[in-house]
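Here is the file input.txt (compact mmCIF, C-alpha atoms and all ligand atoms).
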# COMPACT_ATOMS: atom_id res chain seq x y z
CA MET U 27 0.00 0.00 0.00
CA GLN U 28 1.34 3.42 -0.95
CA THR U 29 1.77 5.86 1.92
CA PHE U 30 2.32 9.61 1.98
CA PHE U 31 3.93 10.44 5.31
CA THR U 32 6.25 13.46 5.23
CA HIS U 33 9.93 13.22 6.20
CA GLU U 34 9.10 15.22 9.30
CA GLN U 35 6.37 12.75 10.30
CA LEU U 36 8.70 9.78 9.78
CA LYS U 37 11.08 11.13 12.41
CA ASP U 38 8.46 9.98 14.93
CA PRO U 39 9.29 6.31 15.67
CA GLY U 40 5.60 5.45 16.10
CA LEU U 41 4.68 6.85 12.70
CA ALA U 42 7.77 5.30 11.11
CA ARG U 43 6.61 1.90 12.37
CA ALA U 44 3.05 2.56 11.18
CA ASN U 45 4.42 3.48 7.75
CA GLU U 46 6.40 0.23 7.58
CA ILE U 47 3.31 -1.80 8.48
CA LEU U 48 0.99 0.04 6.10
CA ARG U 49 3.42 -0.47 3.23
CA SER U 50 3.39 -4.23 3.83
CA CYS U 51 -0.39 -4.47 3.31
CA VAL U 52 -1.36 -5.38 -0.23
CA HIS U 53 -5.10 -4.87 0.51
CA CYS U 54 -5.95 -8.39 -0.64
CA GLY U 55 -8.74 -8.64 1.95
CA MET U 56 -7.96 -12.21 3.03
CA CYS U 57 -8.02 -11.06 6.65
CA THR U 58 -11.69 -10.11 6.44
CA ALA U 59 -12.69 -13.79 6.39
CA THR U 60 -11.41 -14.42 9.92
CA CYS U 61 -12.29 -11.09 11.53
CA PRO U 62 -15.03 -11.63 14.14
CA THR U 63 -16.44 -8.10 13.89
CA TYR U 64 -16.66 -8.31 10.11
CA GLN U 65 -18.44 -11.65 10.44
CA ILE U 66 -21.05 -10.11 12.73
CA LEU U 67 -21.46 -6.65 11.20
CA GLY U 68 -20.56 -7.26 7.53
CA ASP U 69 -19.19 -3.71 7.23
CA GLU U 70 -15.83 -3.30 5.47
CA LEU U 71 -14.93 -0.61 8.01
CA ASP U 72 -15.28 -3.24 10.73
CA SER U 73 -12.77 -5.49 8.99
CA PRO U 74 -8.98 -5.36 9.36
CA ARG U 75 -8.55 -3.95 5.85
CA GLY U 76 -11.15 -1.25 6.45
CA ARG U 77 -9.59 -0.30 9.76
CA ILE U 78 -6.15 -0.19 8.17
CA TYR U 79 -7.44 2.36 5.63
CA LEU U 80 -9.07 4.45 8.35
CA ILE U 81 -5.90 4.38 10.46
CA LYS U 82 -3.75 5.26 7.45
CA GLU U 83 -5.86 8.34 6.65
CA MET U 84 -5.93 9.45 10.27
CA LEU U 85 -2.18 9.08 10.87
CA GLU U 86 -1.10 10.47 7.50
CA SER U 87 -3.26 13.57 7.79
CA GLY U 88 -2.08 14.11 11.36
CA ARG U 89 -5.65 15.21 12.13
CA PRO U 90 -7.33 14.51 15.45
CA ALA U 91 -9.30 11.26 15.42
CA ASP U 92 -12.96 11.66 14.51
CA GLU U 93 -16.05 9.82 15.66
CA LYS U 94 -16.06 7.47 12.65
CA VAL U 95 -12.50 6.22 13.14
CA VAL U 96 -13.04 5.88 16.88
CA ARG U 97 -16.23 3.85 16.39
CA HIS U 98 -14.58 1.30 14.11
CA VAL U 99 -11.27 1.07 15.98
CA ASP U 100 -13.13 0.71 19.30
CA ARG U 101 -15.04 -2.24 17.83
CA CYS U 102 -11.77 -4.04 17.08
CA LEU U 103 -11.10 -6.76 19.66
CA SER U 104 -7.32 -6.79 19.14
CA CYS U 105 -7.85 -10.54 18.81
CA LEU U 106 -5.16 -10.60 16.08
CA ALA U 107 -6.89 -13.31 14.04
CA CYS U 108 -6.09 -11.04 11.08
CA MET U 109 -2.37 -11.37 11.79
CA THR U 110 -2.58 -15.15 11.67
CA THR U 111 -4.45 -15.00 8.36
CA CYS U 112 -2.48 -12.28 6.60
CA PRO U 113 -0.14 -13.75 3.97
CA SER U 114 1.93 -10.53 3.86
CA GLY U 115 2.86 -10.50 7.53
CA VAL U 116 1.13 -7.19 8.31
CA HIS U 117 1.76 -6.42 11.99
CA TYR U 118 -1.76 -5.17 12.71
CA MET U 119 -1.12 -5.19 16.47
CA HIS U 120 1.50 -2.44 16.39
CA LEU U 121 -0.64 -0.45 13.96
CA VAL U 122 -3.82 -0.54 16.01
CA ASP U 123 -1.81 0.22 19.18
CA GLN U 124 -0.48 3.33 17.45
CA ALA U 125 -4.01 4.28 16.36
CA ARG U 126 -5.38 3.85 19.87
CA ALA U 127 -2.65 6.04 21.33
CA HIS U 128 -3.44 8.72 18.72
CA ILE U 129 -7.16 8.49 19.51
CA GLU U 130 -6.50 8.81 23.22
CA LYS U 131 -4.37 11.93 22.65
CA THR U 132 -6.59 13.70 20.12
CA TYR U 133 -10.21 12.65 20.61
CA ARG U 134 -12.52 13.88 23.35
CA ARG U 135 -14.99 11.12 24.08
CA PRO U 136 -18.45 11.84 25.51
CA TRP U 137 -18.19 12.33 29.28
CA ARG U 138 -19.79 8.97 30.12
CA ASP U 139 -17.21 7.10 28.00
CA ARG U 140 -14.39 9.10 29.54
CA ALA U 141 -15.62 8.39 33.05
CA LEU U 142 -16.10 4.69 32.37
CA ARG U 143 -12.70 4.24 30.77
CA TRP U 144 -11.04 6.21 33.56
CA VAL U 145 -12.66 3.97 36.18
CA LEU U 146 -11.60 0.78 34.33
CA ALA U 147 -8.01 2.01 33.98
CA LYS U 148 -7.82 3.05 37.62
CA VAL U 149 -9.50 -0.01 39.12
CA ILE U 150 -8.82 -3.24 37.23
CA PRO U 151 -4.98 -3.12 37.25
CA HIS U 152 -5.02 -2.65 41.04
CA PRO U 153 -6.01 -5.90 42.79
CA ARG U 154 -7.19 -4.26 46.04
CA ARG U 155 -9.37 -1.71 44.26
CA PHE U 156 -10.64 -4.33 41.84
CA ARG U 157 -11.54 -6.69 44.68
CA LEU U 158 -13.57 -3.92 46.35
CA ALA U 159 -15.27 -3.17 43.01
CA LEU U 160 -16.16 -6.87 42.62
CA LEU U 161 -17.67 -6.93 46.10
CA GLY U 162 -19.63 -3.78 45.20
CA ALA U 163 -20.83 -5.38 41.97
CA LYS U 164 -22.01 -8.42 43.93
CA ILE U 165 -24.19 -6.18 46.10
CA ALA U 166 -25.45 -4.27 43.03
CA ARG U 167 -26.35 -7.44 41.11
CA PRO U 168 -30.07 -7.54 42.12
CA PHE U 169 -30.47 -3.92 40.96
CA ALA U 170 -28.46 -4.32 37.71
CA ARG U 171 -31.54 -3.92 35.52
CA LEU U 172 -32.02 -0.40 36.88
CA LEU U 173 -28.58 0.79 35.74
CA PRO U 174 -28.85 3.37 32.93
CA ASP U 175 -25.98 2.11 30.74
CA ALA U 176 -25.61 -1.31 29.07
CA ARG U 177 -21.89 -1.22 29.85
CA LEU U 178 -22.55 -0.78 33.58
CA ARG U 179 -25.03 -3.67 33.43
CA ALA U 180 -22.37 -5.78 31.68
CA MET U 181 -19.84 -4.95 34.39
CA VAL U 182 -22.17 -6.05 37.16
CA ALA U 183 -23.15 -9.19 35.24
CA MET U 184 -19.51 -10.17 34.66
CA ALA U 185 -18.57 -9.96 38.35
CA PRO U 186 -18.15 -13.46 39.83
CA LYS U 187 -20.70 -14.66 42.38
CA GLN U 188 -17.86 -15.52 44.77
CA VAL U 189 -14.80 -13.32 45.24
CA PRO U 190 -11.97 -15.52 46.55
CA PRO U 191 -9.99 -14.51 49.63
CA VAL U 192 -6.55 -12.96 49.06
CA SER U 193 -3.86 -15.59 48.40
CA ARG U 194 -0.60 -14.92 50.23
CA ASN U 195 1.12 -16.91 47.45
CA ASP U 196 0.78 -13.78 45.32
CA ASP U 197 2.99 -11.75 47.68
CA PRO U 198 6.65 -11.20 46.77
CA GLN U 199 8.62 -14.29 47.89
CA VAL U 200 10.61 -17.26 46.68
CA PHE U 201 9.18 -20.80 46.51
CA ALA U 202 11.84 -23.50 46.81
CA PRO U 203 11.88 -26.32 44.26
CA LYS U 204 10.94 -29.83 45.30
CA GLY U 205 13.75 -32.25 44.50
CA ALA U 206 16.76 -31.35 42.39
CA PRO U 207 16.66 -27.72 41.19
CA ARG U 208 16.32 -27.37 37.41
CA MET U 209 15.42 -23.75 36.78
CA ARG U 210 14.89 -20.42 38.49
CA VAL U 211 11.84 -18.63 37.10
CA ALA U 212 9.88 -15.47 37.89
CA LEU U 213 6.10 -15.75 37.91
CA LEU U 214 3.93 -12.82 36.87
CA THR U 215 1.08 -13.08 39.37
CA GLY U 216 -0.84 -10.38 37.50
CA CYS U 217 -3.48 -7.92 38.64
CA ALA U 218 -7.11 -8.77 37.83
CA GLN U 219 -6.42 -12.50 38.07
CA LYS U 220 -5.36 -12.13 41.70
CA ALA U 221 -8.79 -10.75 42.55
CA LEU U 222 -10.86 -13.04 40.31
CA ASN U 223 -9.29 -16.47 40.73
CA THR U 224 -6.41 -17.27 43.06
CA ASP U 225 -6.40 -20.97 42.16
CA ILE U 226 -4.49 -20.36 38.91
CA ASN U 227 -1.34 -18.94 40.51
CA ASP U 228 -1.55 -21.49 43.34
CA ALA U 229 -1.69 -24.36 40.82
CA THR U 230 1.13 -22.83 38.76
CA ILE U 231 3.42 -22.52 41.77
CA ARG U 232 2.70 -26.12 42.88
CA LEU U 233 3.26 -27.41 39.38
CA LEU U 234 6.52 -25.57 38.80
CA THR U 235 8.07 -26.31 42.21
CA ARG U 236 7.05 -29.99 41.81
CA HIS U 237 9.06 -30.02 38.60
CA GLY U 238 12.22 -28.53 40.03
CA CYS U 239 11.66 -24.81 39.54
CA GLU U 240 12.53 -22.18 42.09
CA VAL U 241 9.65 -19.74 41.64
CA VAL U 242 10.20 -16.07 42.37
CA VAL U 243 7.37 -13.59 42.80
CA ALA U 244 9.50 -10.48 42.28
CA ASN U 245 9.17 -7.54 44.59
CA GLY U 246 7.54 -4.64 42.73
CA ALA U 247 6.25 -6.61 39.73
CA GLY U 248 2.53 -6.12 39.09
CA CYS U 249 0.17 -5.34 36.23
CA CYS U 250 1.87 -5.88 32.85
CA GLY U 251 0.21 -2.77 31.37
CA ALA U 252 -1.88 -4.63 28.77
CA LEU U 253 -5.21 -3.25 29.88
CA THR U 254 -4.21 0.42 29.72
CA HIS U 255 -2.11 -0.23 26.59
CA HIS U 256 -5.19 -1.50 24.74
CA MET U 257 -7.08 1.60 25.83
CA GLY U 258 -4.40 3.81 24.25
CA ARG U 259 -3.24 5.07 27.67
CA GLU U 260 0.41 4.83 26.76
CA GLU U 261 1.87 6.61 29.74
CA GLU U 262 0.14 4.39 32.29
CA ALA U 263 0.92 1.24 30.28
CA HIS U 264 4.59 2.12 29.95
CA GLY U 265 4.75 3.01 33.65
CA SER U 266 3.47 -0.46 34.64
CA ALA U 267 5.74 -2.19 32.13
CA ALA U 268 8.82 -0.24 33.26
CA THR U 269 8.15 -1.21 36.88
CA ASN U 270 8.06 -4.87 35.88
CA ILE U 271 11.20 -4.63 33.78
CA ARG U 272 13.11 -3.11 36.71
CA ALA U 273 11.74 -5.68 39.17
CA TRP U 274 12.60 -8.68 36.99
CA MET U 275 15.99 -7.39 35.93
CA ALA U 276 16.87 -6.80 39.61
CA GLU U 277 15.95 -10.47 40.26
CA LYS U 278 17.92 -11.61 37.25
CA ARG U 279 21.01 -9.69 38.31
CA ALA U 280 20.72 -10.91 41.90
CA GLY U 281 20.07 -14.61 41.38
CA GLY U 282 19.65 -15.34 37.66
CA LEU U 283 16.42 -16.13 35.84
CA ASP U 284 15.83 -18.82 33.23
CA ALA U 285 12.37 -17.61 32.33
CA ILE U 286 9.58 -15.20 33.20
CA VAL U 287 6.45 -17.31 33.34
CA ILE U 288 3.03 -15.93 32.51
CA ASN U 289 -0.21 -17.83 32.95
CA THR U 290 -2.56 -15.18 31.55
CA SER U 291 -1.95 -15.13 27.84
CA GLY U 292 -3.25 -11.59 27.37
CA CYS U 293 -0.43 -10.42 29.65
CA GLY U 294 2.06 -12.72 27.94
CA THR U 295 1.47 -11.10 24.55
CA THR U 296 2.19 -7.68 26.04
CA VAL U 297 5.29 -8.72 28.03
CA LYS U 298 6.71 -10.38 24.91
CA ASP U 299 6.24 -7.01 23.17
CA TYR U 300 8.14 -4.98 25.82
CA GLY U 301 11.19 -4.89 23.50
CA HIS U 302 9.13 -3.03 20.91
CA MET U 303 7.38 -0.80 23.44
CA PHE U 304 10.71 0.44 24.86
CA ARG U 305 12.78 0.33 21.67
CA THR U 306 13.63 4.03 21.82
CA SER U 307 14.02 4.38 25.61
CA ASP U 308 16.85 3.94 28.11
CA LEU U 309 15.25 0.66 29.11
CA ALA U 310 15.51 -0.76 25.58
CA SER U 311 18.09 -3.42 26.30
CA ASP U 312 16.52 -4.55 29.62
CA ALA U 313 13.08 -4.57 27.99
CA ALA U 314 14.35 -6.74 25.14
CA GLU U 315 15.92 -9.13 27.65
CA VAL U 316 12.69 -9.40 29.64
CA ALA U 317 10.70 -9.96 26.43
CA GLY U 318 13.13 -12.73 25.46
CA LEU U 319 12.73 -14.45 28.84
CA ALA U 320 8.93 -14.21 28.81
CA CYS U 321 7.06 -17.42 28.08
CA ASP U 322 3.61 -18.79 28.49
CA ILE U 323 3.28 -21.42 31.21
CA SER U 324 2.50 -24.04 28.55
CA GLU U 325 5.77 -23.27 26.72
CA LEU U 326 7.77 -23.74 29.91
CA LEU U 327 5.90 -26.94 30.77
CA VAL U 328 6.84 -28.42 27.41
CA ARG U 329 10.47 -27.83 28.38
CA LEU U 330 9.90 -29.42 31.81
CA ALA U 331 8.08 -32.43 30.29
CA PRO U 332 5.84 -33.23 33.28
CA GLU U 333 4.71 -36.81 33.71
CA GLY U 334 1.32 -37.56 35.15
CA ARG U 335 -2.01 -39.27 34.71
CA ALA U 336 -5.47 -37.72 34.65
CA PRO U 337 -7.20 -38.98 37.84
CA GLU U 338 -10.41 -39.19 35.77
CA PRO U 339 -10.55 -39.58 31.98
CA LEU U 340 -12.31 -36.28 31.38
CA ARG U 341 -13.39 -34.94 28.00
CA VAL U 342 -11.85 -31.45 27.88
CA ALA U 343 -12.88 -28.79 25.36
CA TYR U 344 -9.81 -26.63 24.86
CA HIS U 345 -10.56 -22.99 24.16
CA ALA U 346 -7.63 -21.30 22.43
CA ALA U 347 -7.34 -17.75 23.76
CA CYS U 348 -6.64 -15.30 20.93
CA SER U 349 -3.68 -13.83 22.76
CA LEU U 350 -2.17 -17.31 22.95
CA GLN U 351 -2.94 -18.63 19.47
CA HIS U 352 -2.71 -15.40 17.47
CA GLY U 353 -0.70 -13.10 19.73
CA GLN U 354 1.98 -15.60 20.80
CA LYS U 355 1.49 -18.33 18.19
CA VAL U 356 1.28 -20.92 20.97
CA LYS U 357 -1.14 -23.39 19.46
CA SER U 358 -0.39 -27.00 20.22
CA ALA U 359 1.50 -26.91 23.55
CA PRO U 360 -1.55 -26.72 25.89
CA LYS U 361 -3.41 -29.45 23.98
CA ASP U 362 -0.33 -31.70 23.76
CA LEU U 363 0.25 -31.38 27.51
CA LEU U 364 -3.36 -32.26 28.33
CA ARG U 365 -3.32 -35.22 25.94
CA ALA U 366 -0.03 -36.45 27.41
CA MET U 367 -1.78 -36.57 30.82
CA GLY U 368 -4.53 -38.75 29.37
CA PHE U 369 -7.29 -36.18 29.04
CA GLU U 370 -9.46 -36.44 25.95
CA VAL U 371 -9.08 -33.08 24.20
CA VAL U 372 -11.66 -31.73 21.79
CA GLU U 373 -11.91 -28.36 20.10
CA PRO U 374 -14.89 -26.25 19.06
CA ALA U 375 -15.61 -25.35 15.45
CA ASP U 376 -14.12 -21.99 14.45
CA SER U 377 -11.59 -22.23 17.25
CA HIS U 378 -9.74 -19.27 15.71
CA LEU U 379 -12.57 -16.91 16.67
CA CYS U 380 -12.58 -14.74 19.77
CA CYS U 381 -14.94 -15.39 22.70
CA GLY U 382 -15.54 -11.64 23.02
CA SER U 383 -13.66 -11.12 26.27
CA ALA U 384 -10.62 -9.22 24.91
CA GLY U 385 -9.51 -7.29 27.99
CA THR U 386 -12.13 -4.63 28.69
CA TYR U 387 -13.97 -5.27 25.41
CA ASN U 388 -16.78 -7.22 27.10
CA LEU U 389 -17.39 -4.22 29.33
CA LEU U 390 -17.05 -1.50 26.68
CA GLN U 391 -18.74 -3.28 23.75
CA PRO U 392 -21.31 -5.47 25.53
CA VAL U 393 -23.53 -6.15 22.51
CA LEU U 394 -20.81 -7.45 20.17
CA SER U 395 -19.13 -9.24 23.03
CA ALA U 396 -22.36 -11.01 24.05
CA GLU U 397 -22.88 -12.23 20.48
CA LEU U 398 -19.34 -13.61 20.30
CA LYS U 399 -19.80 -15.30 23.67
CA ARG U 400 -23.06 -16.87 22.53
CA ARG U 401 -21.36 -18.28 19.42
CA LYS U 402 -18.32 -19.52 21.34
CA VAL U 403 -20.36 -21.21 24.08
CA GLU U 404 -22.58 -22.87 21.47
CA THR U 405 -19.62 -24.33 19.58
CA LEU U 406 -17.96 -25.48 22.82
CA GLU U 407 -21.13 -27.10 24.21
CA ARG U 408 -21.70 -28.89 20.90
CA ARG U 409 -18.58 -30.96 21.66
CA ALA U 410 -20.27 -32.18 24.89
CA PRO U 411 -17.23 -31.70 27.15
CA GLN U 412 -17.15 -32.37 30.89
CA VAL U 413 -14.89 -29.38 31.39
CA ILE U 414 -13.64 -26.42 29.36
CA ALA U 415 -9.97 -25.42 29.67
CA ALA U 416 -8.35 -22.13 28.66
CA GLY U 417 -5.11 -20.30 29.33
CA ASN U 418 -6.46 -16.84 30.00
CA ILE U 419 -8.56 -15.59 32.92
CA GLY U 420 -10.52 -13.17 30.68
CA CYS U 421 -11.74 -16.02 28.46
CA MET U 422 -12.48 -18.16 31.50
CA MET U 423 -14.73 -15.46 33.01
CA GLN U 424 -16.41 -14.71 29.69
CA ILE U 425 -17.17 -18.33 28.76
CA GLY U 426 -17.98 -19.27 32.37
CA SER U 427 -20.69 -16.61 32.46
CA GLY U 428 -22.45 -18.29 29.54
CA THR U 429 -22.40 -22.00 30.38
CA GLN U 430 -23.03 -24.45 33.21
CA ILE U 431 -20.01 -26.53 32.15
CA PRO U 432 -17.10 -25.95 34.54
CA VAL U 433 -14.29 -23.78 33.16
CA VAL U 434 -10.74 -24.19 34.47
CA HIS U 435 -7.27 -23.02 33.58
CA THR U 436 -5.16 -25.59 31.72
CA VAL U 437 -2.58 -25.55 34.54
CA GLU U 438 -5.21 -26.62 37.07
CA LEU U 439 -5.77 -29.85 35.11
CA ILE U 440 -2.04 -30.52 34.67
CA ASP U 441 -1.40 -29.78 38.34
CA TRP U 442 -4.19 -32.23 39.28
CA ALA U 443 -2.77 -34.91 36.99
CA THR U 444 0.70 -34.55 38.52
CA GLY U 445 -0.29 -34.73 42.17
CA GLY U 446 -2.16 -31.48 42.92
CA PRO U 447 -5.72 -31.13 44.21
CA ARG U 448 -8.82 -31.59 42.08
CA PRO U 449 -9.67 -28.21 40.48
CA ARG U 450 -12.26 -26.47 42.61
CA ALA U 451 -14.54 -25.73 39.63
CA LEU U 452 -14.98 -29.46 38.80
S1 LIG O 501 -4.64 -10.00 4.57
FE1 LIG O 501 -2.87 -8.72 5.10
S2 LIG O 501 -2.23 -7.79 3.19
FE2 LIG O 501 -4.29 -8.56 2.85
S3 LIG O 501 -5.64 -6.79 3.35
FE3 LIG O 501 -5.45 -7.99 5.21
S4 LIG O 501 -3.72 -7.03 6.30
FE4 LIG O 501 -3.60 -6.32 4.16
S1 LIG O 502 -7.73 -7.73 15.65
FE1 LIG O 502 -9.51 -9.10 15.45
S2 LIG O 502 -11.29 -7.71 15.47
FE2 LIG O 502 -9.48 -6.43 15.11
S3 LIG O 502 -9.34 -6.27 12.90
FE3 LIG O 502 -8.03 -8.01 13.46
S4 LIG O 502 -9.38 -9.82 13.32
FE4 LIG O 502 -10.71 -7.99 13.33
Just give me the structure as structure tokens.
Ligand code: SF4
Ligand code: SF4
Amino acid sequence: MQTFFTHEQLKDPGLARANEILRSCVHCGMCTATCPTYQILGDELDSPRGRIYLIKEMLESGRPADEKVVRHVDRCLSCLACMTTCPSGVHYMHLVDQARAHIEKTYRRPWRDRALRWVLAKVIPHPRRFRLALLGAKIARPFARLLPDARLRAMVAMAPKQVPPVSRNDDPQVFAPKGAPRMRVALLTGCAQKALNTDINDATIRLLTRHGCEVVVANGAGCCGALTHHMGREEEAHGSAATNIRAWMAEKRAGGLDAIVINTSGCGTTVKDYGHMFRTSDLASDAAEVAGLACDISELLVRLAPEGRAPEPLRVAYHAACSLQHGQKVKSAPKDLLRAMGFEVVEPADSHLCCGSAGTYNLLQPVLSAELKRRKVETLERRAPQVIAAGNIGCMMQIGSGTQIPVVHTVELIDWATGGPRPRAL
């Protein structure tokens, strides 16, 4: 695709990257076939190709974002199915990130949107605040119908019925390996996950220590910045990411680290992109090192080759989180691990499509998100599983709110099969 950025514009590293990406798109339109929003809405402007054109015009002109661009970019899930499909290797993720940052800087949203987005950015990445908000939502649940905004109703509806007590495992500390030490790894305990489901980190720590890993929860590490990054709030996102980079590099310099393990794939995609996010900053080399050490829990488990046996021969429907399959290109590892334990693994039709969770998408775009959830749950239930497994808390909450079938994290099943407790959700 031809672009018309000026030399002056191309001195900006963000625009230079956007230019590179735009030039790689040959506008063939193959990506439209796998774009969930295009499938639902049938509007070219709600397809990757349409959005690429809108972003190109906006960035090239240097004009403030307008309502039309914002509407169509906001509807994008950042599911990255288009990146998997694109034969030209267009890095849509970096392009839409750039567009979101531009929108955030130049567009004044209606006050309700501003207030809502501000609350989400200030609450969800902070486990204590988020926990309080979840408890508040629990109380508000009976009155949800009276709320004036569909997004507020969606927020209350998404809150879990039970908010788990705080797990002290999430505090900064070191867990000693059982048996001969094999690796020293840092675990990202996350932000929202700590308030929503403490079983995932508990299972991960048991599983890793059982397989010879010293597990470090680094002092100072917290939210990876993904949530604010996807809202275009660059400063906040970079602030969270920089804090993590410093915390993990301090650990690495003090005691060495073989990996930084992430069990929420949405966070994993962002941490693996830290090298790009900080490419022009003083932290560039540390950020690149952290990004290189980052791995999804399933990738590390493949290296550890756990041996175990499913205590019950369950039929597991594996839901591939977009951030794992499209963002990180981790496709077979979780399924292979489950199969190796003796679980029967099935997959839903259209497994490449998003469940509609997508960070804060289910709260900000409740109508589209609900439709994607309905489709995902239908295809999963059609496989008649006894349990659904996923590698991302957002997907687990989204799918769990639409089905009676228990939903667990993949690590909970592998932990169970290698000597851990039966997952609580079963
Ligand atoms: S498939 Fe790739 S090259 Fe073709 S229109 Fe989509 S992004 Fe552009
Ligand atoms: S990221 Fe997902 S929703 Fe957005 S354009 Fe690509 S395929 Fe469509």
Give me, as a Markdown table, each residue of chain U that comes within 10 Å of ligand LIG 502 (chain O), together with its shortest interatomic pair and the distance in Å at one decimal, counting only C-alpha atoms and all ligand atoms, with rows ordered by chain and rising residue number.
| residue | atom | partner | partner_atom | distance |
| --- | --- | --- | --- | --- |
| U:Cys57 | CA | O:LIG502 | S4 | 6.9 |
| U:Thr58 | CA | O:LIG502 | S4 | 7.3 |
| U:Ala59 | CA | O:LIG502 | S4 | 8.6 |
| U:Thr60 | CA | O:LIG502 | S4 | 6.1 |
| U:Cys61 | CA | O:LIG502 | S4 | 3.6 |
| U:Pro62 | CA | O:LIG502 | S2 | 5.6 |
| U:Thr63 | CA | O:LIG502 | S2 | 5.4 |
| U:Tyr64 | CA | O:LIG502 | FE4 | 6.8 |
| U:Gln65 | CA | O:LIG502 | FE4 | 9.0 |
| U:Leu71 | CA | O:LIG502 | S3 | 9.3 |
| U:Asp72 | CA | O:LIG502 | S3 | 7.0 |
| U:Ser73 | CA | O:LIG502 | S3 | 5.3 |
| U:Pro74 | CA | O:LIG502 | S3 | 3.7 |
| U:Arg75 | CA | O:LIG502 | S3 | 7.5 |
| U:Gly76 | CA | O:LIG502 | S3 | 8.4 |
| U:Arg77 | CA | O:LIG502 | S3 | 6.8 |
| U:Ile78 | CA | O:LIG502 | S3 | 8.3 |
| U:His98 | CA | O:LIG502 | S3 | 9.3 |
| U:Val99 | CA | O:LIG502 | FE2 | 7.8 |
| U:Asp100 | CA | O:LIG502 | FE2 | 9.0 |
| U:Arg101 | CA | O:LIG502 | S2 | 7.0 |
| U:Cys102 | CA | O:LIG502 | FE2 | 3.9 |
| U:Leu103 | CA | O:LIG502 | S2 | 4.3 |
| U:Ser104 | CA | O:LIG502 | S1 | 3.6 |
| U:Cys105 | CA | O:LIG502 | FE1 | 4.0 |
| U:Leu106 | CA | O:LIG502 | S1 | 3.9 |
| U:Ala107 | CA | O:LIG502 | S4 | 4.3 |
| U:Cys108 | CA | O:LIG502 | S4 | 4.2 |
| U:Met109 | CA | O:LIG502 | FE3 | 6.8 |
| U:Thr110 | CA | O:LIG502 | S4 | 8.8 |
| U:Thr111 | CA | O:LIG502 | S4 | 8.7 |
| U:Cys112 | CA | O:LIG502 | FE3 | 9.8 |
| U:Tyr118 | CA | O:LIG502 | FE3 | 6.9 |
| U:Met119 | CA | O:LIG502 | S1 | 7.1 |
| U:Val122 | CA | O:LIG502 | S1 | 8.2 |
| U:Cys348 | CA | O:LIG502 | FE1 | 8.8 |
| U:His352 | CA | O:LIG502 | S1 | 9.3 |
| U:Gly353 | CA | O:LIG502 | S1 | 9.7 |
| U:His378 | CA | O:LIG502 | S4 | 9.8 |
| U:Leu379 | CA | O:LIG502 | S4 | 8.5 |
| U:Cys380 | CA | O:LIG502 | FE1 | 7.7 |
| U:Gly382 | CA | O:LIG502 | S2 | 9.5 |
| U:Ala384 | CA | O:LIG502 | FE1 | 9.5 |
Next item on the list: For each of U:Gln354, U:Asn227, U:Thr306, U:Ser50, take the minimum atom-to-atom distance to U:Gly294, counting only C-alpha atoms, then give the residue where this is smallest.
Entry: U:Gln354
Could the residues that lie within 6 Å of ligand LIG 501 (chain O), counting only C-alpha atoms and all ligand atoms, be listed as a CSV table (one decimal) with C-alpha atoms, in the coordinates of the input?
chain,number,residue,atom,x,y,z
U,51,CYS,CA,-0.4,-4.5,3.3
U,52,VAL,CA,-1.4,-5.4,-0.2
U,53,HIS,CA,-5.1,-4.9,0.5
U,54,CYS,CA,-6.0,-8.4,-0.6
U,55,GLY,CA,-8.7,-8.6,2.0
U,56,MET,CA,-8.0,-12.2,3.0
U,57,CYS,CA,-8.0,-11.1,6.6
U,75,ARG,CA,-8.6,-4.0,5.8
U,112,CYS,CA,-2.5,-12.3,6.6
U,113,PRO,CA,-0.1,-13.8,4.0
U,114,SER,CA,1.9,-10.5,3.9
U,116,VAL,CA,1.1,-7.2,8.3
Check: At what distance in Å, to one decimal, does atom CA of U:Pro151 lie from atom CA of U:Glu438?
Finding: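 Taking atom CA of U:Glu438 as the start and atom CA of U:Pro151 as the end point, the length is 23.5 Å.
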Notebook entry, point to check: For the atom pair atom CA of U:Val243 and atom CA of U:Gln199, what is the interatomic distance in Å to one decimal place?
Noted result: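 Pair atom CA of U:Val243 / atom CA of U:Gln199 returns 5.3 Å.
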Hey, can you pull every residue with an atom no more than 10 Å from (-22.7, -6.9, 20.4), using only C-alpha atoms, and send it as a tab-separated table (two decimals) with C-alpha atoms, keeping the file's coordinate frame?
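Saved as point-v8.tsv:
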chain	number	residue	atom	x	y	z
U	63	THR	CA	-16.44	-8.10	13.89
U	66	ILE	CA	-21.05	-10.11	12.73
U	67	LEU	CA	-21.46	-6.65	11.20
U	101	ARG	CA	-15.04	-2.24	17.83
U	382	GLY	CA	-15.54	-11.64	23.02
U	388	ASN	CA	-16.78	-7.22	27.10
U	391	GLN	CA	-18.74	-3.28	23.75
U	392	PRO	CA	-21.31	-5.47	25.53
U	393	VAL	CA	-23.53	-6.15	22.51
U	394	LEU	CA	-20.81	-7.45	20.17
U	395	SER	CA	-19.13	-9.24	23.03
U	396	ALA	CA	-22.36	-11.01	24.05
U	397	GLU	CA	-22.88	-12.23	20.48
U	398	LEU	CA	-19.34	-13.61	20.30
U	399	LYS	CA	-19.80	-15.30	23.67
